[in-house]
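Structure first, then comments.
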Amino acid sequence: MTKYFLAAVLCLTLAPCVAQAQDLTRSVSLEVLFPPTTPQQRNYEDVQTYLLTKSSPAFPYISGAVIRVDWSDFDLGDASSGKHTGYDFKIVDDAIAPWIAAGKTANLVLHTTPYGGPPSCPPGGSGSRGQSGVGNCAVPAWMWTALGASNYVSCDGAQAPNFLADAFQSNYEAAIKALVEHYAHNKSVSYIRVGLGKGGEINLPRGWSDPSTPCGEAYTTRWGYTIGNSNKYTWNAYLEKMLDYEGSLHSSKQLMVSITPVQAPGVNPQEVSDFIAPIAVKNGIGFGNQGLGAMAMRNCTGMQADWCALFERYQGQVPLELQTLGPTCPNCEGGAPPQGQGRQGGWQNRNWGQGQGGGGQWGGQGNAQGGGQGQWAGRGQGQGQGGQQGGGKGLAKLSQMTGPLPPLIPFAVKNHATIIELYTDDWLIAFSSRHPQNKTYGDDYAHAIQQAAQGR
């Protein structure tokens, strides 16, 4: 990692090494989502060979990488007293260094609460400064003391904070400001997406609205969480407050926010996203959805958080980002399980996106809690960088729900997406001869990426 750090320092002083400035509002930017950042992680060597090497076919089409940043990675404190003591960005700097050294941009996604987590935090890298044993390595260990036991609860295997608590908001706001200021003059950092709920998104923990569970009792009864279509609902008011705060920073880096479905019985899951999108735009904050998949091509409302209509309304005003729900499934049809390795009868012969889908998508707690990044990214945290190391049945299901990549990319471009985040595996399917699916699907995946890079 030292060689990358030194190369990055040199690149910041030499114009040819600095990533070209991107127009995130109008041109299409293609990003590598959550690449492995240490040699111990899966696909690390293939990323160096097939994505980061300047002579590789993929290199011209890659704008940069999206790097997960846990709050605990840089915000230090005394766990015994619950007091902040300083900031140290070495973990983040090390993670982005290879991409800067290659002349690419780095984009940061700030997390406070994972979608499930390991019992122990990793020995190094992102999450290594968190508190082991609570299923959440993203919150600084000292913050649990600062919050006190009355302001956190276990939900879905991970300790989750009371986001409405003054101690949470004041310290998180300070951390956001410190992150923005630290990278203010780094030309190779392009955008920062601030997670305001679970993952890098706006979702609440799974089960938050069920008062019969300890998780739901805390969020609904003790802390008074509600969601809806205005700031009279407590979660909406919190999101509005945080977005206004981010706007007040006048960041030189583009700030982004997620619009993902927030669920409760009887509430349309797109209501919160419809509420916050104009607030984000007012503050110059871009927004995006982390659930691009086969469902969106049939019905872009409800569980897709209405992103198609919102992108149509705000195109050209702020950057508009899409991330696939999970790594794509080349041999799945329309979100169905794989149909074998053959290509006949697959997505190539289907008429995608022509229907409007069925109703009843938001009557209760549906299968999807939100965007793909959050659904599984935290599962592999014990090995370092997001869900690239984890997955299992949950990852396979998300991949099936996502479907194949080639129909999704032109759909995203047609609907005004200016930032498209693709999982590392999908880049490797397209460009790595070592990937087991490259021989069958590589040409089609590569063609879709090349077309998107040309704005088509």
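A note on labels: chains of the structure tokens are A, B, ... as shown, every chain counts residues from 1, and ligands are counted from 1 in their shown order.
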Q.
Just want the 9 Å neighbourhood of Cys308 (chain A), counted on only C-alpha atoms, with same-chain residues fewer than 6 positions away dropped. Output as an NGL selection string.
A. :A and (296 or 300-301 or 412 or 415-416)
Worksheet item: Per DSSP on the backbone, what are the alpha helix (DSSP H) residues of region 103-235 of chain A, as a ChimeraX atom specification?
Response: /A:141-147,166-182,214-216,234-235
>> Between A:Ile279, A:Ala79, A:Val32, A:Met401, which residue has the minimum interatomic distance to Asn231 (chain A), considering only C-alpha atoms?
In response: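 Answer, going by the shortest atom-to-atom distance: A:Ile279.
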Skipping near chain neighbours, those fewer than 5 positions away, what residues fall within 12 Å of region 119-132 of chain A using only C-alpha atoms, listed as number ranges by chain? A: 1, 34, 36-41, 67-79, 88-96, 109-114, 137-145, 157-159, 378-386
task: For Ile409 (chain A), work out the shell of residues within 12 Å, counting only C-alpha atoms and skipping chain neighbours fewer than 6 positions away, then give it as a PyMOL selection string.
output: chain A and resi 28-30+292-294+296-297+322-324+328+402-403+415-422+426+444-456
Write the selection just made, keeping N, CA and C atoms, as a CSV table (one decimal), in the first residue's frame?
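Heads up, here's the output in out13.csv:
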chain,number,residue,atom,x,y,z
A,28,VAL,N,-22.1,11.0,-18.8
A,28,VAL,CA,-22.2,9.7,-18.1
A,28,VAL,C,-20.9,9.3,-17.5
A,29,SER,N,-20.9,9.0,-16.2
A,29,SER,CA,-19.7,8.6,-15.5
A,29,SER,C,-19.9,7.1,-15.0
A,30,LEU,N,-19.0,6.3,-15.4
A,30,LEU,CA,-19.1,4.9,-15.0
A,30,LEU,C,-18.1,4.5,-13.9
A,292,LEU,N,-31.2,-0.4,-9.0
A,292,LEU,CA,-31.4,-0.7,-10.4
A,292,LEU,C,-31.5,-2.1,-10.7
A,293,GLY,N,-32.6,-2.6,-11.3
A,293,GLY,CA,-32.7,-4.0,-11.6
A,293,GLY,C,-33.9,-4.2,-12.6
A,294,ALA,N,-34.2,-5.5,-12.8
A,294,ALA,CA,-35.3,-5.8,-13.7
A,294,ALA,C,-36.6,-5.2,-13.3
A,296,ALA,N,-37.2,-2.3,-12.1
A,296,ALA,CA,-37.3,-0.9,-12.6
A,296,ALA,C,-37.8,-0.8,-14.0
A,297,MET,N,-37.4,-1.8,-14.8
A,297,MET,CA,-37.8,-1.7,-16.2
A,297,MET,C,-39.3,-2.1,-16.4
A,322,LEU,N,-27.2,6.0,-10.3
A,322,LEU,CA,-27.8,4.7,-10.2
A,322,LEU,C,-26.8,3.6,-9.9
A,323,GLN,N,-27.2,2.7,-9.0
A,323,GLN,CA,-26.4,1.6,-8.7
A,323,GLN,C,-27.2,0.3,-8.8
A,324,THR,N,-26.7,-0.7,-9.4
A,324,THR,CA,-27.5,-1.9,-9.5
A,324,THR,C,-27.8,-2.5,-8.1
A,328,THR,N,-24.9,-8.2,-11.2
A,328,THR,CA,-25.9,-8.7,-12.1
A,328,THR,C,-25.8,-10.2,-12.3
A,402,THR,N,-31.7,-8.6,-9.8
A,402,THR,CA,-31.1,-7.5,-10.6
A,402,THR,C,-31.2,-7.9,-12.1
A,403,GLY,N,-30.9,-9.2,-12.5
A,403,GLY,CA,-31.0,-9.6,-13.9
A,403,GLY,C,-29.7,-9.2,-14.6
A,415,ASN,N,-32.9,7.1,-19.1
A,415,ASN,CA,-33.7,7.8,-18.0
A,415,ASN,C,-32.8,8.8,-17.3
A,416,HIS,N,-31.8,9.3,-17.9
A,416,HIS,CA,-31.0,10.5,-17.5
A,416,HIS,C,-30.0,10.3,-16.4
A,417,ALA,N,-29.6,9.0,-16.1
A,417,ALA,CA,-28.6,8.8,-15.1
A,417,ALA,C,-27.3,9.3,-15.6
A,418,THR,N,-26.6,10.1,-14.8
A,418,THR,CA,-25.3,10.6,-15.1
A,418,THR,C,-24.1,9.9,-14.4
A,419,ILE,N,-24.4,9.2,-13.3
A,419,ILE,CA,-23.5,8.3,-12.6
A,419,ILE,C,-24.0,6.9,-12.6
A,420,ILE,N,-23.3,6.0,-13.1
A,420,ILE,CA,-23.7,4.6,-13.0
A,420,ILE,C,-22.6,3.8,-12.3
A,421,GLU,N,-23.0,3.2,-11.1
A,421,GLU,CA,-22.1,2.4,-10.3
A,421,GLU,C,-22.3,0.9,-10.5
A,422,LEU,N,-21.2,0.3,-11.0
A,422,LEU,CA,-21.3,-1.1,-11.4
A,422,LEU,C,-20.4,-1.9,-10.4
A,426,ASP,N,-19.1,-7.2,-12.3
A,426,ASP,CA,-19.7,-7.0,-13.6
A,426,ASP,C,-18.6,-6.4,-14.5
A,444,ASP,N,-21.0,-8.9,-24.7
A,444,ASP,CA,-22.2,-8.2,-24.5
A,444,ASP,C,-22.1,-7.2,-23.4
A,445,TYR,N,-21.5,-7.6,-22.3
A,445,TYR,CA,-21.3,-6.7,-21.2
A,445,TYR,C,-20.3,-5.6,-21.5
A,446,ALA,N,-19.2,-5.9,-22.2
A,446,ALA,CA,-18.3,-4.8,-22.6
A,446,ALA,C,-19.0,-3.8,-23.6
A,447,HIS,N,-19.8,-4.3,-24.5
A,447,HIS,CA,-20.4,-3.5,-25.5
A,447,HIS,C,-21.4,-2.5,-24.8
A,448,ALA,N,-22.1,-3.0,-23.8
A,448,ALA,CA,-23.1,-2.1,-23.0
A,448,ALA,C,-22.3,-1.0,-22.3
A,449,ILE,N,-21.2,-1.4,-21.7
A,449,ILE,CA,-20.4,-0.4,-21.0
A,449,ILE,C,-19.8,0.6,-22.0
A,450,GLN,N,-19.3,0.2,-23.1
A,450,GLN,CA,-18.7,1.1,-24.1
A,450,GLN,C,-19.8,2.1,-24.6
A,451,GLN,N,-21.0,1.5,-24.8
A,451,GLN,CA,-22.1,2.4,-25.3
A,451,GLN,C,-22.4,3.5,-24.3
A,452,ALA,N,-22.5,3.1,-23.0
A,452,ALA,CA,-22.8,4.0,-22.0
A,452,ALA,C,-21.7,5.1,-21.8
A,453,ALA,N,-20.5,4.7,-22.0
A,453,ALA,CA,-19.4,5.7,-21.9
A,453,ALA,C,-19.5,6.7,-23.0
A,454,GLN,N,-20.2,6.4,-24.1
A,454,GLN,CA,-20.4,7.3,-25.2
A,454,GLN,C,-21.8,8.0,-25.1
A,455,GLY,N,-22.4,7.8,-23.9
A,455,GLY,CA,-23.7,8.4,-23.7
A,455,GLY,C,-24.9,7.8,-24.4
A,456,ARG,N,-24.7,6.5,-24.7
A,456,ARG,CA,-25.8,5.8,-25.5
A,456,ARG,C,-26.3,4.6,-24.7
CA of Thr49 (chain A) and CA of Ser190 (chain A) are how many Å apart?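 Between these atoms lies a distance of 23.5 Å.
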Contacts of Glu246 (chain A) within 10 Å, only C-alpha atoms, excl. fewer than 6 positions in-chain, as an MDAnalysis selection string
chainID A and resid 173 176:177 180 194 240 255:256 280 283:285
Expressed in Å, the length from CA of Asp306 (chain A) to CA of Ser27 (chain A) is 22.0 Å
Closest-contact table, region 80-191 of chain A side, partner region 208-226 of chain A, 10 Å, counting only C-alpha atoms, as a tab-separated table:
residue	atom	partner	partner_atom	distance
A:Ser150	CA	A:Ala218	CA	8.9
A:Asn151	CA	A:Trp223	CA	8.4
A:Tyr152	CA	A:Ala218	CA	8.2
A:Val153	CA	A:Cys215	CA	6.0
A:Ser154	CA	A:Cys215	CA	6.1
A:Cys155	CA	A:Cys215	CA	5.2
A:Asp156	CA	A:Cys215	CA	8.3
A:Gln159	CA	A:Cys215	CA	9.5
A:Ala160	CA	A:Cys215	CA	8.8
A:Pro161	CA	A:Tyr219	CA	9.7
A:Asn162	CA	A:Trp223	CA	7.4
A:Phe163	CA	A:Trp223	CA	9.4
A:Leu164	CA	A:Trp223	CA	7.8
A:Ala165	CA	A:Trp223	CA	8.7
Compile the contact shell of Val189 (chain A) as number ranges by chain: residues with an atom at most 6 Å away, counting only C-alpha atoms, same-chain residues fewer than 3 positions apart removed. A: 105-107, 186
Could those selected residues go to a file with all heavy atoms, as a PDB file, in the first residue's frame?
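Okay, selection11.pdb is ready:
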ATOM      1  N   THR A 105     -10.660   8.821 -10.515  1.00  0.00           N
ATOM      2  CA  THR A 105     -11.240   9.496  -9.362  1.00  0.00           C
ATOM      3  C   THR A 105     -11.620   8.486  -8.291  1.00  0.00           C
ATOM      4  O   THR A 105     -11.768   7.292  -8.555  1.00  0.00           O
ATOM      5  CB  THR A 105     -12.501  10.293  -9.745  1.00  0.00           C
ATOM      6  OG1 THR A 105     -13.489   9.396 -10.274  1.00  0.00           O
ATOM      7  CG2 THR A 105     -12.184  11.368 -10.765  1.00  0.00           C
ATOM      8  N   ALA A 106     -11.766   8.987  -7.087  1.00  0.00           N
ATOM      9  CA  ALA A 106     -12.286   8.196  -5.975  1.00  0.00           C
ATOM     10  C   ALA A 106     -13.536   8.880  -5.460  1.00  0.00           C
ATOM     11  O   ALA A 106     -13.586  10.102  -5.332  1.00  0.00           O
ATOM     12  CB  ALA A 106     -11.247   8.082  -4.861  1.00  0.00           C
ATOM     13  N   ASN A 107     -14.559   8.085  -5.192  1.00  0.00           N
ATOM     14  CA  ASN A 107     -15.832   8.583  -4.676  1.00  0.00           C
ATOM     15  C   ASN A 107     -16.120   7.849  -3.376  1.00  0.00           C
ATOM     16  O   ASN A 107     -15.903   6.646  -3.274  1.00  0.00           O
ATOM     17  CB  ASN A 107     -16.943   8.337  -5.693  1.00  0.00           C
ATOM     18  CG  ASN A 107     -16.543   8.785  -7.085  1.00  0.00           C
ATOM     19  OD1 ASN A 107     -16.429   9.963  -7.363  1.00  0.00           O
ATOM     20  ND2 ASN A 107     -16.288   7.819  -7.980  1.00  0.00           N
ATOM     21  N   ASN A 186      -8.457  17.928  -2.814  1.00  0.00           N
ATOM     22  CA  ASN A 186      -7.969  16.744  -3.522  1.00  0.00           C
ATOM     23  C   ASN A 186      -8.756  16.613  -4.827  1.00  0.00           C
ATOM     24  O   ASN A 186      -9.923  16.209  -4.833  1.00  0.00           O
ATOM     25  CB  ASN A 186      -8.148  15.501  -2.654  1.00  0.00           C
ATOM     26  CG  ASN A 186      -7.489  14.271  -3.255  1.00  0.00           C
ATOM     27  OD1 ASN A 186      -7.386  14.140  -4.477  1.00  0.00           O
ATOM     28  ND2 ASN A 186      -7.049  13.355  -2.406  1.00  0.00           N
TER      29      ASN A 186
END
What lies within 9 Å of Tyr441 (chain A) using only C-alpha atoms, ignoring chain neighbours under 6 positions off, as a list in words?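 Within the cut-off, the hits are Pro330, Asn331, Arg343, Ile429 and Ala430 of chain A.
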Can you write out the residues you just picked, keeping all heavy atoms, as a compact mmCIF listing (two decimals), in the first residue's frame?
# COMPACT_ATOMS: atom_id res chain seq x y z
N PRO A 330 -25.94 -12.68 -15.44
CA PRO A 330 -25.97 -12.73 -16.90
C PRO A 330 -26.97 -13.72 -17.47
O PRO A 330 -27.53 -13.48 -18.54
CB PRO A 330 -24.53 -13.15 -17.26
CG PRO A 330 -23.71 -12.80 -16.08
CD PRO A 330 -24.61 -12.99 -14.90
N ASN A 331 -27.21 -14.84 -16.76
CA ASN A 331 -28.09 -15.88 -17.29
C ASN A 331 -29.42 -15.93 -16.57
O ASN A 331 -30.06 -16.98 -16.48
CB ASN A 331 -27.39 -17.24 -17.23
CG ASN A 331 -26.90 -17.58 -15.83
OD1 ASN A 331 -26.58 -16.69 -15.05
ND2 ASN A 331 -26.81 -18.86 -15.51
N ARG A 343 -27.17 -19.08 -24.11
CA ARG A 343 -27.67 -17.74 -24.35
C ARG A 343 -29.01 -17.74 -25.07
O ARG A 343 -29.65 -16.70 -25.17
CB ARG A 343 -26.64 -16.96 -25.17
CG ARG A 343 -25.38 -16.68 -24.39
CD ARG A 343 -24.29 -16.08 -25.24
NE ARG A 343 -24.73 -14.88 -25.92
CZ ARG A 343 -23.91 -14.08 -26.56
NH1 ARG A 343 -22.62 -14.35 -26.59
NH2 ARG A 343 -24.35 -13.01 -27.18
N ILE A 429 -16.64 -9.49 -15.51
CA ILE A 429 -17.32 -10.29 -16.54
C ILE A 429 -17.04 -9.69 -17.92
O ILE A 429 -16.77 -10.40 -18.89
CB ILE A 429 -18.84 -10.34 -16.28
CG1 ILE A 429 -19.16 -11.19 -15.04
CG2 ILE A 429 -19.58 -10.92 -17.50
CD1 ILE A 429 -20.62 -11.14 -14.64
N ALA A 430 -17.08 -8.39 -18.00
CA ALA A 430 -16.89 -7.70 -19.28
C ALA A 430 -15.45 -7.77 -19.78
O ALA A 430 -15.22 -7.92 -20.99
CB ALA A 430 -17.33 -6.24 -19.15
